[in-house]
$ cat query.txt   # compact mmCIF, C-alpha atoms
# COMPACT_ATOMS: atom_id res chain seq x y z
CA MET A 2 103.50 111.20 90.09
CA THR A 3 104.85 114.45 91.40
CA ILE A 4 107.42 113.97 94.16
CA VAL A 5 106.66 116.27 97.08
CA HIS A 6 109.24 117.54 99.57
CA ASN A 7 107.21 120.31 101.19
CA LEU A 8 104.37 119.65 103.65
CA GLN A 9 102.67 122.99 103.00
CA GLN A 10 102.72 122.41 99.24
CA LEU A 11 100.99 119.06 99.72
CA LEU A 12 98.44 120.50 102.17
CA ASN A 13 97.66 123.32 99.73
CA SER A 14 97.01 120.76 96.98
CA ILE A 15 94.75 118.72 99.26
CA ASN A 16 92.83 121.83 100.31
CA THR A 17 91.86 122.62 96.71
CA GLY A 18 89.16 119.97 97.08
CA GLU A 19 90.31 118.11 93.99
CA PRO A 20 90.78 114.32 94.17
CA ILE A 21 94.31 113.64 95.44
CA LEU A 22 96.31 110.42 95.74
CA VAL A 23 99.41 110.48 97.94
CA TYR A 24 101.73 107.48 97.62
CA PHE A 25 104.23 107.01 100.45
CA SER A 26 107.26 104.94 99.46
CA GLY A 27 110.91 104.40 100.31
CA GLU A 28 114.15 104.10 98.40
CA ASN A 29 114.88 100.55 99.60
CA CYS A 30 111.32 99.24 99.31
CA SER A 31 110.99 96.74 96.47
CA VAL A 32 107.20 96.44 96.92
CA CYS A 33 106.92 100.24 96.57
CA LYS A 34 108.81 100.19 93.29
CA VAL A 35 106.66 97.40 91.82
CA LEU A 36 103.32 98.80 93.00
CA LYS A 37 103.86 102.46 92.05
CA PRO A 38 103.69 102.13 88.23
CA LYS A 39 100.61 99.88 88.47
CA ILE A 40 98.73 102.37 90.65
CA GLU A 41 99.88 105.32 88.58
CA GLU A 42 98.79 103.72 85.31
CA GLU A 43 95.38 102.52 86.51
CA VAL A 44 94.43 105.69 88.38
CA SER A 45 95.56 107.97 85.53
CA LYS A 46 93.66 105.89 82.98
CA ARG A 47 90.39 105.47 84.90
CA PHE A 48 90.29 108.62 87.04
CA PRO A 49 91.87 111.47 85.06
CA LYS A 50 90.95 114.21 87.55
CA PHE A 51 93.20 112.73 90.26
CA LYS A 52 96.40 114.56 91.08
CA LEU A 53 99.10 112.05 92.01
CA PHE A 54 101.83 112.79 94.54
CA GLU A 55 104.63 110.68 95.95
CA VAL A 56 106.36 111.13 99.30
CA LYS A 57 109.67 109.40 99.97
CA THR A 58 109.35 108.51 103.65
CA ASP A 59 113.09 108.20 104.23
CA LEU A 60 113.70 111.73 102.88
CA ASP A 61 110.58 113.58 104.03
CA LYS A 62 109.99 112.57 107.63
CA GLU A 63 107.94 115.71 108.42
CA ILE A 64 105.31 114.85 105.80
CA THR A 65 105.34 111.18 106.78
CA SER A 66 104.77 111.94 110.46
CA HIS A 67 102.10 114.57 109.70
CA PHE A 68 100.00 111.88 107.97
CA THR A 69 100.93 109.21 110.60
CA VAL A 70 102.31 106.77 108.06
CA PHE A 71 104.06 103.87 109.80
CA SER A 72 104.57 101.37 106.99
CA ILE A 73 105.26 101.55 103.29
CA PRO A 74 103.86 101.51 100.75
CA THR A 75 100.84 103.47 101.99
CA THR A 76 98.35 105.16 99.70
CA LEU A 77 96.07 107.96 100.87
CA ILE A 78 93.05 109.15 98.90
CA PHE A 79 91.52 112.58 99.46
CA PHE A 80 88.14 113.75 98.18
CA ASP A 81 86.83 117.23 98.95
CA SER A 82 89.91 118.00 101.13
CA LYS A 83 89.21 115.03 103.44
CA GLU A 84 90.99 111.72 103.78
CA PHE A 85 88.67 109.17 102.25
CA LYS A 86 90.76 106.01 102.13
CA ARG A 87 94.06 104.70 103.45
CA VAL A 88 95.56 101.50 102.10
CA GLY A 89 98.79 100.14 103.48
CA ARG A 90 101.29 97.48 102.59
CA ASN A 91 99.54 94.59 100.83
CA MET A 92 96.91 95.76 98.41
CA SER A 93 95.08 94.53 95.35
CA VAL A 94 95.26 97.19 92.64
CA ALA A 95 92.07 95.83 91.02
CA LEU A 96 90.13 96.00 94.31
CA PHE A 97 91.57 99.45 95.05
CA ILE A 98 90.38 100.75 91.65
CA GLU A 99 86.96 99.17 92.14
CA GLU A 100 86.58 100.86 95.56
CA LEU A 101 87.36 104.28 94.03
CA LYS A 102 84.83 104.14 91.18
CA ARG A 103 81.67 105.13 93.03
CA PRO A 104 83.08 107.96 95.18
CA TYR A 105 85.02 109.33 92.20
CA ASN A 106 81.88 109.38 90.05
CA LEU A 107 79.88 111.05 92.84
CA MET A 108 82.51 113.66 93.68
CA CYS A 109 83.78 114.40 90.18
CA GLU A 110 80.72 114.26 87.97
CA GLU A 111 80.36 117.21 85.63
$ encode --input "query.txt" --output "structure tokens"
Amino acid sequence: MTIVHNLQQLLNSINTGEPILVYFSGENCSVCKVLKPKIEEEVSKRFPKFKLFEVKTDLDKEITSHFTVFSIPTTLIFFDSKEFKRVGRNMSVALFIEELKRPYNLMCEE
């Protein structure tokens, strides 16, 4: 995952229309640290066209407030420059991956 510190940089990436995952986490969040590698591994393996970004909420408050993230971890999925899915706090990685299969195949088919 690429750590982002600039709101405009992240918005520019989202506006490309490519599939984007933005993972909001915090330095003192143990759940964030455990969940991040699982999400990163599964998404990279199953959905190679996704660009993965991480925002540290405690360091980048402007980005966090722009996307109205109130709890961590929060994962945002963008397809075609639009927010498609938002998953916060407690999540099943297997269910999350399953929910991404169909839209990913529709939006990213060659």
$ atom_distance --input "query.txt" --atom1 "CA of Lys50 (chain A)" --atom2 "CA of Cys109 (chain A)"
7.6 Å
$ residues_around --input "query.txt" --residues "region 52-56 of chain A" --least-positions-apart "6" --cutoff "10 Å" --atoms "only C-alpha atoms" --output "JSON, numbers by chain"
{"A": [2, 3, 4, 5, 6, 7, 8, 11, 14, 15, 19, 20, 21, 22, 23, 24, 25, 26, 27, 37, 40, 41, 44, 45, 62, 64, 65, 75, 76, 77, 78, 79]}
$ write_last_selection --input "query.txt" --atoms "C-alpha atoms" --output "compact mmCIF listing (two decimals), keeping the file's coordinate frame"
# COMPACT_ATOMS: atom_id res chain seq x y z
CA MET A 2 103.50 111.20 90.09
CA THR A 3 104.85 114.45 91.40
CA ILE A 4 107.42 113.97 94.16
CA VAL A 5 106.66 116.27 97.08
CA HIS A 6 109.24 117.54 99.57
CA ASN A 7 107.21 120.31 101.19
CA LEU A 8 104.37 119.65 103.65
CA LEU A 11 100.99 119.06 99.72
CA SER A 14 97.01 120.76 96.98
CA ILE A 15 94.75 118.72 99.26
CA GLU A 19 90.31 118.11 93.99
CA PRO A 20 90.78 114.32 94.17
CA ILE A 21 94.31 113.64 95.44
CA LEU A 22 96.31 110.42 95.74
CA VAL A 23 99.41 110.48 97.94
CA TYR A 24 101.73 107.48 97.62
CA PHE A 25 104.23 107.01 100.45
CA SER A 26 107.26 104.94 99.46
CA GLY A 27 110.91 104.40 100.31
CA LYS A 37 103.86 102.46 92.05
CA ILE A 40 98.73 102.37 90.65
CA GLU A 41 99.88 105.32 88.58
CA VAL A 44 94.43 105.69 88.38
CA SER A 45 95.56 107.97 85.53
CA LYS A 62 109.99 112.57 107.63
CA ILE A 64 105.31 114.85 105.80
CA THR A 65 105.34 111.18 106.78
CA THR A 75 100.84 103.47 101.99
CA THR A 76 98.35 105.16 99.70
CA LEU A 77 96.07 107.96 100.87
CA ILE A 78 93.05 109.15 98.90
CA PHE A 79 91.52 112.58 99.46
$ atom_distance --input "query.txt" --atom1 "CA of Glu28 (chain A)" --atom2 "CA of Arg47 (chain A)"
27.4 Å
$ residues_around --input "query.txt" --residues "Leu36 (chain A)" --least-positions-apart "4" --cutoff "9 Å" --atoms "all atoms listed in the file" --output "PyMOL selection string"
chain A and resi 31-32+40-41+74+92+94
$ write_last_selection --input "query.txt" --atoms "C-alpha atoms" --output "PDB file, in the frame of the given file"
ATOM      1  CA  SER A  31     110.990  96.740  96.470  1.00  0.00           C
ATOM      2  CA  VAL A  32     107.200  96.440  96.920  1.00  0.00           C
ATOM      3  CA  ILE A  40      98.730 102.370  90.650  1.00  0.00           C
ATOM      4  CA  GLU A  41      99.880 105.320  88.580  1.00  0.00           C
ATOM      5  CA  PRO A  74     103.860 101.510 100.750  1.00  0.00           C
ATOM      6  CA  MET A  92      96.910  95.760  98.410  1.00  0.00           C
ATOM      7  CA  VAL A  94      95.260  97.190  92.640  1.00  0.00           C
TER       8      VAL A  94
END
$ atom_distance --input "query.txt" --atom1 "CA of Asp59 (chain A)" --atom2 "CA of Lys39 (chain A)"
21.8 Å
$ closest_residue --input "query.txt" --among "A:Glu84, A:Lys102, A:Asn16, A:Ala95" --to "Glu42 (chain A)" --atoms "only C-alpha atoms"
A:Ala95
$ residues_around --input "query.txt" --residues "Gly18 (chain A)" --least-positions-apart "6" --cutoff "8 Å" --atoms "all atoms listed in the file" --output "PyMOL selection string"
chain A and resi 80-82
$ write_last_selection --input "query.txt" --atoms "C-alpha atoms" --output "PDB file, in the coordinates of the input"
ATOM      1  CA  PHE A  80      88.140 113.750  98.180  1.00  0.00           C
ATOM      2  CA  ASP A  81      86.830 117.230  98.950  1.00  0.00           C
ATOM      3  CA  SER A  82      89.910 118.000 101.130  1.00  0.00           C
TER       4      SER A  82
END
$ closest_residue --input "query.txt" --among "A:Ile73, A:Ile98, A:Val88, A:Gln10" --to "Lys46 (chain A)" --atoms "all atoms listed in the file"
A:Ile98
$ build_atoms --input "query.txt" --residues "region 88-99 of chain A" --atoms "all heavy atoms" --output "mmCIF file, in the frame of the given file"
data_model
loop_
_atom_site.group_PDB
_atom_site.id
_atom_site.type_symbol
_atom_site.label_atom_id
_atom_site.label_comp_id
_atom_site.auth_asym_id
_atom_site.auth_seq_id
_atom_site.Cartn_x
_atom_site.Cartn_y
_atom_site.Cartn_z
ATOM 1 N N VAL A 88 95.236 102.893 102.369
ATOM 2 C CA VAL A 88 95.560 101.500 102.100
ATOM 3 C C VAL A 88 97.052 101.319 102.333
ATOM 4 O O VAL A 88 97.872 102.047 101.769
ATOM 5 C CB VAL A 88 95.228 101.098 100.641
ATOM 6 C CG1 VAL A 88 95.538 99.642 100.400
ATOM 7 C CG2 VAL A 88 93.790 101.409 100.317
ATOM 8 N N GLY A 89 97.393 100.359 103.167
ATOM 9 C CA GLY A 89 98.790 100.140 103.480
ATOM 10 C C GLY A 89 99.264 98.755 103.091
ATOM 11 O O GLY A 89 98.489 97.811 103.007
ATOM 12 N N ARG A 90 100.552 98.714 102.836
ATOM 13 C CA ARG A 90 101.290 97.480 102.590
ATOM 14 C C ARG A 90 100.711 96.613 101.474
ATOM 15 O O ARG A 90 100.827 96.932 100.326
ATOM 16 C CB ARG A 90 101.402 96.693 103.896
ATOM 17 C CG ARG A 90 102.554 95.771 103.946
ATOM 18 C CD ARG A 90 103.858 96.470 104.302
ATOM 19 N NE ARG A 90 104.929 95.512 104.220
ATOM 20 C CZ ARG A 90 105.982 95.682 103.456
ATOM 21 N NH1 ARG A 90 106.128 96.765 102.755
ATOM 22 N NH2 ARG A 90 106.914 94.770 103.413
ATOM 23 N N ASN A 91 100.043 95.536 101.833
ATOM 24 C CA ASN A 91 99.540 94.590 100.830
ATOM 25 C C ASN A 91 98.206 95.077 100.294
ATOM 26 O O ASN A 91 97.259 95.228 101.037
ATOM 27 C CB ASN A 91 99.366 93.200 101.437
ATOM 28 C CG ASN A 91 100.659 92.670 101.985
ATOM 29 O OD1 ASN A 91 101.710 92.875 101.403
ATOM 30 N ND2 ASN A 91 100.601 91.999 103.123
ATOM 31 N N MET A 92 98.157 95.300 98.988
ATOM 32 C CA MET A 92 96.910 95.760 98.410
ATOM 33 C C MET A 92 96.715 95.155 97.028
ATOM 34 O O MET A 92 97.675 94.879 96.319
ATOM 35 C CB MET A 92 96.874 97.280 98.325
ATOM 36 C CG MET A 92 97.858 97.883 97.344
ATOM 37 S SD MET A 92 97.838 99.684 97.307
ATOM 38 C CE MET A 92 96.394 100.021 96.357
ATOM 39 N N SER A 93 95.448 94.969 96.693
ATOM 40 C CA SER A 93 95.080 94.530 95.350
ATOM 41 C C SER A 93 94.766 95.782 94.546
ATOM 42 O O SER A 93 93.869 96.547 94.912
ATOM 43 C CB SER A 93 93.853 93.629 95.428
ATOM 44 O OG SER A 93 93.223 93.566 94.176
ATOM 45 N N VAL A 94 95.487 96.014 93.465
ATOM 46 C CA VAL A 94 95.260 97.190 92.640
ATOM 47 C C VAL A 94 93.847 97.136 92.051
ATOM 48 O O VAL A 94 93.139 98.148 92.024
ATOM 49 C CB VAL A 94 96.330 97.321 91.531
ATOM 50 C CG1 VAL A 94 96.007 98.468 90.594
ATOM 51 C CG2 VAL A 94 97.702 97.507 92.145
ATOM 52 N N ALA A 95 93.408 95.969 91.609
ATOM 53 C CA ALA A 95 92.070 95.830 91.020
ATOM 54 C C ALA A 95 90.985 96.183 92.041
ATOM 55 O O ALA A 95 90.039 96.914 91.726
ATOM 56 C CB ALA A 95 91.871 94.416 90.494
ATOM 57 N N LEU A 96 91.105 95.702 93.259
ATOM 58 C CA LEU A 96 90.130 96.000 94.310
ATOM 59 C C LEU A 96 90.180 97.483 94.677
ATOM 60 O O LEU A 96 89.152 98.135 94.866
ATOM 61 C CB LEU A 96 90.398 95.141 95.543
ATOM 62 C CG LEU A 96 89.447 95.333 96.716
ATOM 63 C CD1 LEU A 96 88.007 95.029 96.310
ATOM 64 C CD2 LEU A 96 89.873 94.449 97.879
ATOM 65 N N PHE A 97 91.379 98.032 94.747
ATOM 66 C CA PHE A 97 91.570 99.450 95.050
ATOM 67 C C PHE A 97 90.850 100.320 94.013
ATOM 68 O O PHE A 97 90.113 101.249 94.359
ATOM 69 C CB PHE A 97 93.079 99.747 95.073
ATOM 70 C CG PHE A 97 93.437 101.181 95.307
ATOM 71 C CD1 PHE A 97 93.236 101.780 96.535
ATOM 72 C CD2 PHE A 97 94.001 101.935 94.288
ATOM 73 C CE1 PHE A 97 93.581 103.111 96.750
ATOM 74 C CE2 PHE A 97 94.348 103.261 94.486
ATOM 75 C CZ PHE A 97 94.136 103.846 95.726
ATOM 76 N N ILE A 98 91.024 100.008 92.736
ATOM 77 C CA ILE A 98 90.380 100.750 91.650
ATOM 78 C C ILE A 98 88.859 100.619 91.746
ATOM 79 O O ILE A 98 88.121 101.591 91.599
ATOM 80 C CB ILE A 98 90.897 100.275 90.274
ATOM 81 C CG1 ILE A 98 92.385 100.612 90.112
ATOM 82 C CG2 ILE A 98 90.069 100.840 89.137
ATOM 83 C CD1 ILE A 98 92.731 102.078 90.181
ATOM 84 N N GLU A 99 88.406 99.422 92.021
ATOM 85 C CA GLU A 99 86.960 99.170 92.140
ATOM 86 C C GLU A 99 86.353 100.003 93.282
ATOM 87 O O GLU A 99 85.270 100.564 93.142
ATOM 88 C CB GLU A 99 86.711 97.670 92.364
ATOM 89 C CG GLU A 99 85.280 97.251 92.229
ATOM 90 C CD GLU A 99 84.695 97.500 90.845
ATOM 91 O OE1 GLU A 99 85.399 97.344 89.837
ATOM 92 O OE2 GLU A 99 83.510 97.881 90.787
#
